[in-house]
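**Student:** Just one file: entry06.txt, with compact mmCIF, N, CA and C atoms.
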# COMPACT_ATOMS: atom_id res chain seq x y z
N MET A 1 60.60 -60.71 97.65
CA MET A 1 60.03 -61.60 96.66
C MET A 1 60.82 -62.90 96.63
N PRO A 2 60.13 -64.03 96.76
CA PRO A 2 60.82 -65.30 96.56
C PRO A 2 61.12 -65.48 95.07
N HIS A 3 61.86 -66.49 94.73
CA HIS A 3 62.18 -66.82 93.34
C HIS A 3 63.04 -65.76 92.69
N ILE A 4 64.04 -65.26 93.42
CA ILE A 4 64.96 -64.26 92.89
C ILE A 4 66.05 -64.98 92.08
N GLY A 5 66.30 -64.47 90.89
CA GLY A 5 67.33 -65.06 90.03
C GLY A 5 66.86 -65.10 88.60
N ASP A 6 67.40 -66.04 87.84
CA ASP A 6 67.07 -66.16 86.42
C ASP A 6 66.00 -67.21 86.18
N TRP A 7 64.95 -66.81 85.48
CA TRP A 7 63.87 -67.67 85.05
C TRP A 7 64.07 -67.91 83.56
N LYS A 8 63.37 -68.89 83.04
CA LYS A 8 63.30 -69.10 81.60
C LYS A 8 61.81 -69.06 81.24
N ILE A 9 61.43 -68.05 80.43
CA ILE A 9 60.03 -67.89 80.03
C ILE A 9 60.01 -67.70 78.52
N GLY A 10 59.37 -68.63 77.82
CA GLY A 10 59.28 -68.55 76.37
C GLY A 10 60.62 -68.49 75.68
N GLY A 11 61.62 -69.15 76.24
CA GLY A 11 62.95 -69.15 75.64
C GLY A 11 63.80 -67.95 76.02
N HIS A 12 63.22 -66.99 76.74
CA HIS A 12 63.96 -65.80 77.17
C HIS A 12 64.49 -66.00 78.58
N THR A 13 65.67 -65.48 78.86
CA THR A 13 66.17 -65.44 80.22
C THR A 13 65.63 -64.18 80.86
N VAL A 14 64.93 -64.34 81.98
CA VAL A 14 64.28 -63.24 82.68
C VAL A 14 64.86 -63.18 84.09
N ARG A 15 65.49 -62.06 84.43
CA ARG A 15 66.10 -61.89 85.74
C ARG A 15 65.13 -61.19 86.68
N THR A 16 64.95 -61.77 87.88
CA THR A 16 64.13 -61.15 88.92
C THR A 16 65.02 -60.74 90.08
N THR A 17 64.60 -59.68 90.77
CA THR A 17 65.31 -59.18 91.94
C THR A 17 64.30 -59.00 93.06
N ALA A 18 64.77 -58.50 94.19
CA ALA A 18 63.86 -58.22 95.31
C ALA A 18 62.84 -57.14 94.94
N ASP A 19 63.14 -56.33 93.91
CA ASP A 19 62.23 -55.27 93.48
C ASP A 19 61.18 -55.74 92.48
N THR A 20 61.34 -56.94 91.94
CA THR A 20 60.38 -57.46 90.96
C THR A 20 59.06 -57.77 91.67
N GLU A 21 57.96 -57.29 91.09
CA GLU A 21 56.63 -57.57 91.65
C GLU A 21 56.11 -58.87 91.04
N LEU A 22 55.59 -59.75 91.87
CA LEU A 22 55.06 -61.04 91.43
C LEU A 22 53.58 -61.10 91.80
N PHE A 23 52.73 -61.33 90.78
CA PHE A 23 51.28 -61.37 90.99
C PHE A 23 50.71 -62.67 90.46
N GLY A 24 49.53 -63.00 90.94
CA GLY A 24 48.81 -64.14 90.40
C GLY A 24 49.06 -65.41 91.17
N LEU A 25 49.08 -66.49 90.42
CA LEU A 25 49.24 -67.82 91.00
C LEU A 25 50.69 -68.07 91.38
N PRO A 26 50.93 -69.05 92.27
CA PRO A 26 52.32 -69.42 92.56
C PRO A 26 53.00 -69.88 91.26
N PRO A 27 54.22 -69.40 90.98
CA PRO A 27 54.85 -69.73 89.70
C PRO A 27 55.37 -71.16 89.66
N VAL A 28 54.96 -71.87 88.63
CA VAL A 28 55.47 -73.21 88.36
C VAL A 28 55.62 -73.37 86.86
N ALA A 29 56.54 -74.24 86.46
CA ALA A 29 56.73 -74.51 85.04
C ALA A 29 55.44 -75.01 84.42
N GLY A 30 55.13 -74.49 83.23
CA GLY A 30 53.93 -74.91 82.51
C GLY A 30 52.81 -73.90 82.53
N LEU A 31 52.83 -72.97 83.50
CA LEU A 31 51.81 -71.92 83.52
C LEU A 31 52.24 -70.76 82.64
N LYS A 32 51.28 -69.96 82.21
CA LYS A 32 51.60 -68.77 81.44
C LYS A 32 52.03 -67.66 82.38
N ALA A 33 52.87 -66.77 81.86
CA ALA A 33 53.30 -65.61 82.63
C ALA A 33 53.38 -64.41 81.70
N ARG A 34 53.00 -63.25 82.19
CA ARG A 34 53.18 -61.99 81.48
C ARG A 34 54.33 -61.27 82.16
N VAL A 35 55.31 -60.86 81.37
CA VAL A 35 56.50 -60.21 81.90
C VAL A 35 56.51 -58.76 81.45
N GLU A 36 56.73 -57.85 82.37
CA GLU A 36 56.95 -56.44 82.06
C GLU A 36 58.35 -56.10 82.56
N GLY A 37 59.17 -55.56 81.68
CA GLY A 37 60.53 -55.27 82.07
C GLY A 37 61.29 -54.57 80.97
N TRP A 38 62.60 -54.77 80.97
CA TRP A 38 63.45 -54.09 80.00
C TRP A 38 64.62 -54.99 79.65
N TYR A 39 65.13 -54.77 78.42
CA TYR A 39 66.29 -55.52 77.93
C TYR A 39 67.58 -54.88 78.40
N GLN A 40 68.60 -55.70 78.57
CA GLN A 40 69.93 -55.22 78.90
C GLN A 40 70.86 -55.52 77.73
N PRO A 41 71.01 -54.56 76.79
CA PRO A 41 71.88 -54.81 75.63
C PRO A 41 73.33 -55.00 76.09
N PRO A 42 74.14 -55.75 75.40
CA PRO A 42 73.84 -56.44 74.15
C PRO A 42 73.35 -57.86 74.36
N SER A 43 73.19 -58.31 75.60
CA SER A 43 72.86 -59.72 75.85
C SER A 43 71.37 -60.04 75.73
N PHE A 44 70.53 -59.02 75.70
CA PHE A 44 69.08 -59.20 75.65
C PHE A 44 68.52 -59.93 76.86
N LEU A 45 69.26 -59.87 77.96
CA LEU A 45 68.76 -60.37 79.23
C LEU A 45 67.60 -59.46 79.64
N ILE A 46 66.46 -60.03 79.99
CA ILE A 46 65.30 -59.24 80.37
C ILE A 46 65.29 -59.07 81.88
N HIS A 47 65.26 -57.84 82.33
CA HIS A 47 65.13 -57.53 83.75
C HIS A 47 63.65 -57.29 84.03
N ALA A 48 63.05 -58.13 84.84
CA ALA A 48 61.61 -58.06 85.09
C ALA A 48 61.28 -57.05 86.17
N ASP A 49 60.36 -56.12 85.84
CA ASP A 49 59.78 -55.23 86.83
C ASP A 49 58.57 -55.89 87.47
N LYS A 50 57.85 -56.67 86.65
CA LYS A 50 56.59 -57.27 87.11
C LYS A 50 56.36 -58.57 86.34
N ILE A 51 55.98 -59.62 87.06
CA ILE A 51 55.59 -60.89 86.44
C ILE A 51 54.22 -61.26 87.00
N THR A 52 53.29 -61.54 86.09
CA THR A 52 51.96 -61.98 86.49
C THR A 52 51.77 -63.40 86.00
N VAL A 53 51.51 -64.32 86.92
CA VAL A 53 51.35 -65.73 86.60
C VAL A 53 49.87 -66.07 86.67
N GLY A 54 49.38 -66.72 85.63
CA GLY A 54 47.97 -67.13 85.63
C GLY A 54 47.76 -68.27 84.66
N GLN A 55 46.63 -68.91 84.79
CA GLN A 55 46.32 -70.01 83.89
C GLN A 55 45.96 -69.50 82.51
N LEU A 56 45.36 -68.32 82.43
CA LEU A 56 44.99 -67.73 81.16
C LEU A 56 45.14 -66.24 81.29
N THR A 57 45.82 -65.64 80.36
CA THR A 57 46.02 -64.20 80.41
C THR A 57 45.62 -63.60 79.07
N GLY A 58 45.40 -62.32 79.06
CA GLY A 58 45.05 -61.67 77.82
C GLY A 58 44.81 -60.20 78.04
N ASN A 59 44.21 -59.59 77.04
CA ASN A 59 43.83 -58.20 77.17
C ASN A 59 42.54 -57.98 76.42
N MET A 60 41.84 -56.93 76.77
CA MET A 60 40.60 -56.58 76.09
C MET A 60 40.43 -55.07 76.16
N VAL A 61 39.68 -54.55 75.21
CA VAL A 61 39.36 -53.14 75.17
C VAL A 61 37.85 -53.03 75.12
N GLY A 62 37.29 -52.13 75.91
CA GLY A 62 35.84 -51.94 75.87
C GLY A 62 35.43 -50.73 76.66
N PRO A 63 34.18 -50.32 76.48
CA PRO A 63 33.68 -49.18 77.24
C PRO A 63 33.45 -49.54 78.70
N ILE A 64 33.73 -48.57 79.56
CA ILE A 64 33.48 -48.76 81.00
C ILE A 64 31.98 -48.62 81.24
N GLY A 65 31.38 -49.66 81.82
CA GLY A 65 29.96 -49.63 82.14
C GLY A 65 29.71 -49.13 83.54
N SER A 66 30.54 -49.58 84.47
CA SER A 66 30.44 -49.12 85.86
C SER A 66 31.73 -49.47 86.58
N PHE A 67 31.93 -48.81 87.71
CA PHE A 67 33.13 -49.05 88.51
C PHE A 67 32.86 -48.55 89.92
N PRO A 68 33.59 -49.10 90.92
CA PRO A 68 33.41 -48.66 92.30
C PRO A 68 34.03 -47.28 92.53
N PRO A 69 33.63 -46.61 93.61
CA PRO A 69 34.19 -45.29 93.90
C PRO A 69 35.69 -45.37 94.22
N ASP A 70 36.35 -44.19 94.15
CA ASP A 70 37.75 -44.06 94.46
C ASP A 70 38.02 -44.73 95.81
N PRO A 71 38.96 -45.66 95.95
CA PRO A 71 40.15 -45.93 95.14
C PRO A 71 39.92 -46.96 94.03
N TYR A 72 38.69 -47.19 93.62
CA TYR A 72 38.35 -48.00 92.44
C TYR A 72 38.59 -49.49 92.62
N ILE A 73 38.68 -49.96 93.85
CA ILE A 73 38.89 -51.39 94.10
C ILE A 73 37.55 -52.08 94.19
N GLY A 74 37.43 -53.18 93.45
CA GLY A 74 36.18 -53.94 93.42
C GLY A 74 35.88 -54.37 92.00
N THR A 75 34.60 -54.58 91.70
CA THR A 75 34.19 -55.07 90.39
C THR A 75 33.88 -53.91 89.44
N TRP A 76 34.54 -53.91 88.31
CA TRP A 76 34.27 -53.00 87.20
C TRP A 76 33.53 -53.79 86.13
N TYR A 77 32.75 -53.12 85.33
CA TYR A 77 32.17 -53.74 84.14
C TYR A 77 32.76 -53.04 82.93
N ILE A 78 33.49 -53.81 82.12
CA ILE A 78 34.16 -53.27 80.95
C ILE A 78 33.74 -54.12 79.75
N GLY A 79 33.13 -53.47 78.79
CA GLY A 79 32.62 -54.20 77.63
C GLY A 79 31.61 -55.26 78.02
N GLY A 80 30.90 -55.00 79.12
CA GLY A 80 29.89 -55.95 79.60
C GLY A 80 30.44 -57.07 80.46
N ASN A 81 31.76 -57.12 80.65
CA ASN A 81 32.40 -58.19 81.43
C ASN A 81 32.75 -57.71 82.84
N PRO A 82 32.47 -58.54 83.86
CA PRO A 82 32.92 -58.18 85.21
C PRO A 82 34.44 -58.38 85.31
N VAL A 83 35.13 -57.36 85.81
CA VAL A 83 36.58 -57.39 85.95
C VAL A 83 36.92 -56.99 87.38
N GLU A 84 37.64 -57.85 88.09
CA GLU A 84 38.03 -57.54 89.46
C GLU A 84 39.30 -56.69 89.46
N VAL A 85 39.24 -55.61 90.22
CA VAL A 85 40.37 -54.70 90.38
C VAL A 85 40.73 -54.72 91.86
N ASP A 86 42.02 -54.98 92.15
CA ASP A 86 42.43 -55.01 93.56
C ASP A 86 43.57 -54.02 93.78
N GLY A 87 44.13 -54.03 94.96
CA GLY A 87 45.18 -53.09 95.31
C GLY A 87 46.46 -53.26 94.50
N ASP A 88 46.61 -54.40 93.82
CA ASP A 88 47.79 -54.64 92.99
C ASP A 88 47.60 -54.21 91.55
N THR A 89 46.38 -53.84 91.18
CA THR A 89 46.10 -53.43 89.80
C THR A 89 46.64 -52.03 89.55
N ASP A 90 47.39 -51.87 88.45
CA ASP A 90 47.85 -50.55 88.04
C ASP A 90 46.74 -49.87 87.26
N ILE A 91 46.24 -48.73 87.76
CA ILE A 91 45.21 -47.97 87.05
C ILE A 91 45.90 -46.75 86.45
N LEU A 92 45.87 -46.67 85.13
CA LEU A 92 46.61 -45.66 84.39
C LEU A 92 45.66 -44.81 83.56
N GLY A 93 46.17 -43.71 83.05
CA GLY A 93 45.42 -42.91 82.10
C GLY A 93 44.48 -41.92 82.75
N ALA A 94 43.37 -41.69 82.06
CA ALA A 94 42.39 -40.69 82.49
C ALA A 94 41.64 -41.13 83.74
N THR A 95 41.00 -40.17 84.41
CA THR A 95 40.11 -40.49 85.53
C THR A 95 38.94 -41.31 84.98
N PRO A 96 38.61 -42.44 85.62
CA PRO A 96 37.53 -43.28 85.10
C PRO A 96 36.19 -42.54 85.04
N VAL A 97 35.50 -42.71 83.91
CA VAL A 97 34.17 -42.16 83.69
C VAL A 97 33.41 -43.20 82.88
N VAL A 98 32.16 -43.46 83.24
CA VAL A 98 31.34 -44.40 82.48
C VAL A 98 31.31 -43.94 81.02
N GLY A 99 31.57 -44.88 80.11
CA GLY A 99 31.55 -44.58 78.69
C GLY A 99 32.92 -44.43 78.08
N LEU A 100 33.94 -44.09 78.90
CA LEU A 100 35.30 -44.04 78.36
C LEU A 100 35.77 -45.46 78.06
N THR A 101 36.79 -45.55 77.23
CA THR A 101 37.34 -46.84 76.85
C THR A 101 38.45 -47.24 77.82
N ALA A 102 38.52 -48.53 78.13
CA ALA A 102 39.59 -49.04 78.99
C ALA A 102 40.27 -50.21 78.30
N LEU A 103 41.59 -50.21 78.34
CA LEU A 103 42.40 -51.35 77.92
C LEU A 103 42.76 -52.09 79.20
N VAL A 104 42.43 -53.37 79.25
CA VAL A 104 42.65 -54.17 80.46
C VAL A 104 43.57 -55.34 80.14
N TYR A 105 44.66 -55.46 80.88
CA TYR A 105 45.47 -56.66 80.87
C TYR A 105 45.02 -57.47 82.07
N PHE A 106 44.82 -58.77 81.87
CA PHE A 106 44.22 -59.56 82.94
C PHE A 106 44.75 -60.98 82.94
N TRP A 107 44.42 -61.68 84.03
CA TRP A 107 44.60 -63.12 84.12
C TRP A 107 43.32 -63.70 84.67
N ILE A 108 43.08 -64.96 84.34
CA ILE A 108 41.85 -65.63 84.77
C ILE A 108 42.24 -66.84 85.59
N ALA A 109 41.65 -66.97 86.75
CA ALA A 109 41.80 -68.16 87.57
C ALA A 109 40.46 -68.41 88.24
N GLY A 110 40.01 -69.64 88.19
CA GLY A 110 38.73 -69.98 88.79
C GLY A 110 37.56 -69.24 88.15
N GLY A 111 37.70 -68.86 86.88
CA GLY A 111 36.62 -68.19 86.17
C GLY A 111 36.51 -66.70 86.45
N VAL A 112 37.41 -66.16 87.27
CA VAL A 112 37.36 -64.74 87.63
C VAL A 112 38.41 -63.98 86.83
N ILE A 113 38.00 -62.88 86.17
CA ILE A 113 38.92 -62.01 85.45
C ILE A 113 39.48 -61.01 86.45
N THR A 114 40.80 -61.02 86.65
CA THR A 114 41.46 -60.09 87.56
C THR A 114 42.40 -59.21 86.75
N ALA A 115 42.21 -57.90 86.84
CA ALA A 115 43.03 -56.96 86.08
C ALA A 115 44.39 -56.80 86.72
N THR A 116 45.45 -56.90 85.89
CA THR A 116 46.79 -56.57 86.36
C THR A 116 47.08 -55.10 86.08
N SER A 117 46.54 -54.60 84.96
CA SER A 117 46.60 -53.17 84.68
C SER A 117 45.37 -52.76 83.90
N LEU A 118 44.98 -51.52 84.11
CA LEU A 118 43.77 -50.99 83.49
C LEU A 118 44.12 -49.58 83.03
N ASP A 119 44.07 -49.35 81.72
CA ASP A 119 44.46 -48.06 81.15
C ASP A 119 43.20 -47.39 80.59
N VAL A 120 42.77 -46.31 81.25
CA VAL A 120 41.56 -45.60 80.85
C VAL A 120 41.92 -44.59 79.77
N ARG A 121 41.21 -44.67 78.64
CA ARG A 121 41.46 -43.78 77.51
C ARG A 121 40.20 -43.00 77.18
N ASP A 122 40.38 -41.73 76.89
CA ASP A 122 39.27 -40.89 76.46
C ASP A 122 38.93 -41.27 75.02
N VAL A 123 37.68 -41.68 74.77
CA VAL A 123 37.30 -42.12 73.43
C VAL A 123 37.41 -40.99 72.41
N GLU A 124 37.46 -39.74 72.87
CA GLU A 124 37.61 -38.60 71.98
C GLU A 124 39.05 -38.36 71.58
N ASP A 125 39.99 -39.09 72.17
CA ASP A 125 41.41 -38.86 71.95
C ASP A 125 41.98 -39.88 70.98
N PRO A 126 42.02 -39.57 69.66
CA PRO A 126 42.52 -40.55 68.70
C PRO A 126 44.02 -40.75 68.79
N SER A 127 44.72 -39.87 69.50
CA SER A 127 46.18 -40.01 69.60
C SER A 127 46.59 -40.91 70.76
N GLY A 128 45.65 -41.48 71.46
CA GLY A 128 45.97 -42.31 72.63
C GLY A 128 46.60 -43.63 72.24
N GLN A 129 47.81 -43.59 71.77
CA GLN A 129 48.52 -44.80 71.36
C GLN A 129 48.98 -45.58 72.58
N ILE A 130 48.72 -46.87 72.59
CA ILE A 130 49.14 -47.73 73.68
C ILE A 130 50.26 -48.61 73.16
N LYS A 131 51.42 -48.49 73.75
CA LYS A 131 52.58 -49.26 73.33
C LYS A 131 52.99 -50.19 74.47
N SER A 132 53.19 -51.43 74.15
CA SER A 132 53.50 -52.42 75.16
C SER A 132 54.93 -52.91 75.02
N THR A 133 55.60 -53.05 76.13
CA THR A 133 56.92 -53.67 76.15
C THR A 133 56.84 -54.98 76.92
N GLU A 134 55.68 -55.61 76.83
CA GLU A 134 55.41 -56.83 77.56
C GLU A 134 55.46 -58.03 76.63
N PHE A 135 55.64 -59.22 77.20
CA PHE A 135 55.43 -60.44 76.44
C PHE A 135 54.80 -61.47 77.36
N GLU A 136 54.20 -62.46 76.73
CA GLU A 136 53.50 -63.49 77.47
C GLU A 136 53.91 -64.84 76.88
N SER A 137 54.25 -65.78 77.74
CA SER A 137 54.63 -67.10 77.26
C SER A 137 54.58 -68.09 78.42
N ILE A 138 55.00 -69.29 78.15
CA ILE A 138 54.97 -70.37 79.14
C ILE A 138 56.24 -70.34 79.99
N ILE A 139 56.07 -70.49 81.30
CA ILE A 139 57.21 -70.59 82.22
C ILE A 139 57.87 -71.95 82.01
N GLN A 140 59.18 -71.92 81.77
CA GLN A 140 59.92 -73.17 81.64
C GLN A 140 60.72 -73.48 82.89
N VAL A 141 61.34 -72.44 83.51
CA VAL A 141 62.13 -72.60 84.72
C VAL A 141 61.86 -71.42 85.63
N VAL A 142 61.61 -71.71 86.92
CA VAL A 142 61.42 -70.68 87.94
C VAL A 142 62.65 -70.65 88.83
N ALA A 143 63.16 -69.45 89.11
CA ALA A 143 64.31 -69.36 90.02
C ALA A 143 63.89 -69.87 91.40
N PRO A 144 64.84 -70.46 92.13
CA PRO A 144 64.50 -71.02 93.47
C PRO A 144 64.13 -69.94 94.46
What would the structure in this file look like if it were written as structure tokens?

**Tutor:**
Amino acid sequence: MPHIGDWKIGGHTVRTTADTELFGLPPVAGLKARVEGWYQPPSFLIHADKITVGQLTGNMVGPIGSFPPDPYIGTWYIGGNPVEVDGDTDILGATPVVGLTALVYFWIAGGVITATSLDVRDVEDPSGQIKSTEFESIIQVVAP
């Protein structure tokens, strides 16, 4: 991975290594980034496992309308929206079934919604708590 070292994202120092996964657009200051990682107490230095760079990021929850066959790469319809799933998308949770609920973290570039992670939840399971250790903010400094 290029850009190994310390980044500044939303005022946080974020450390990347050769093991950090980088997805989306080429990272430059001013774009939004979603960081998945962990804190290193007591300094609160964030060690990034995954950084997704995009012009617009977000999440949505909705029923699965359709999806491609296993390995599930291609266009899914979630809550009526086309969502592109590629080999870099993390597919978590239950086996996909039309009608189940999916939580999708995504980025948008060129009008295309691309899933970074897709968590399939059984709508009958009220205990399916989704907890995030992610944050999203503006890139201020990218490591060289």

**Student:** Might you pull out every residue within 6.5 Å of Val112 (chain A), with all atoms listed in the file counted and same-chain residues fewer than 4 positions away left off, and present them as number ranges by chain?

**Tutor:** A: 84, 107-108

**Student:** If we count all atoms listed in the file and set the cut-off at 8 Å, which residues sit around Ala18 (chain A), ignoring sequence neighbours fewer than 6 positions away in its own chain? Please answer as a list of chain:residue names.

**Tutor:** A:Met1, A:Pro2, A:His3, A:Ile4, A:Gly5

**Student:** Counting all atoms listed in the file, what is within 6.5 Å of Thr20 (chain A), bar same-chain residues fewer than 4 positions away, as a list in words?

**Tutor:** Met1, Thr16, Ala48, Asp49, Lys50 and Ile51 of chain A

**Student:** Just want the 8 Å neighbourhood of Ala29 (chain A), counted on only C-alpha atoms, with same-chain residues fewer than 3 positions away dropped. Output as a ChimeraX atom specification.

**Tutor:** /A:138-142

**Student:** Check the smallest atom-to-atom distance from each of A:Val98, A:Gly10, A:Tyr39, A:Pro144 to Pro63 (chain A) using all atoms listed in the file, then report the winner.

**Tutor:**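 Of the candidates, the smallest distance to Pro63 (chain A) is held by A:Val98.
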
**Student:** Taking all atoms listed in the file into account, which of A:Ala143, A:Trp38, A:Ile91, A:Glu21 comes nearest Asp6 (chain A)?

**Tutor:** A:Ala143

**Student:** Could you please determine the separation between atom N of Ala102 (chain A) and CA of Gly79 (chain A) in Å, to one decimal place?

**Tutor:** 8.2 Å

**Student:** Go through A:Pro96, A:Arg121, A:Gly24, A:Ile78 and flag the residue nearest Met60 (chain A), using all atoms listed in the file for the distances.

**Tutor:**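 The closest residue to Met60 (chain A) is A:Ile78.
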
**Student:** Between CA of Thr57 (chain A) and CA of Ile9 (chain A), what is the spacing in Å?

**Tutor:**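 It comes out at 14.5 Å.
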
**Student:** Rank nothing, just name the residue among A:Leu45, A:Val85, A:Ile64, A:Leu31 nearest to Thr114 (chain A), using only N, CA and C atoms.

**Tutor:**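 Looking only at the distances to Thr114 (chain A), the closest residue turns out to be A:Val85.
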
**Student:** One number please: atom N of Gly11 (chain A) to atom C of Val35 (chain A), in Å, one decimal.

**Tutor:**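 Computing it gives 12.7 Å between the two atoms.
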
**Student:** Can you list, as a VMD selection string, every residue of chain A that DSSP puts in strand (DSSP E)?

**Tutor:** chain A and resid 5 to 9 12 to 16 21 to 24 32 to 40 45 to 54 56 to 66 74 to 78 81 to 85 90 to 93 101 to 109 112 to 121 134 to 141

**Student:** Using all atoms listed in the file, which of the listed residues (A:Ile46, A:Val120, A:Val28, A:Ala94) sits closest to His12 (chain A)?

**Tutor:**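 Among the listed residues, the smallest separation from His12 (chain A) belongs to A:Ile46.
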
**Student:** Give the answer as one residue: which of A:Gly111, A:Gly93, A:Gly54, A:Gly62 has the shortest atom-to-atom distance to Trp76 (chain A), using only C-alpha atoms?

**Tutor:**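 Of all the options, A:Gly62 lies closest to Trp76 (chain A).
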
**Student:** Please put the answer as lines of an AutoDock Vina configuration file: centre and edge lengths, in Å with one decimal, of a box along x, y and z that encloses all listed atoms of region 77-92 of chain A plus 8 Å on each side.

**Tutor:**
center_x = 38.9
center_y = -51.7
center_z = 86.5
size_x = 34.0
size_y = 29.7
size_z = 33.7
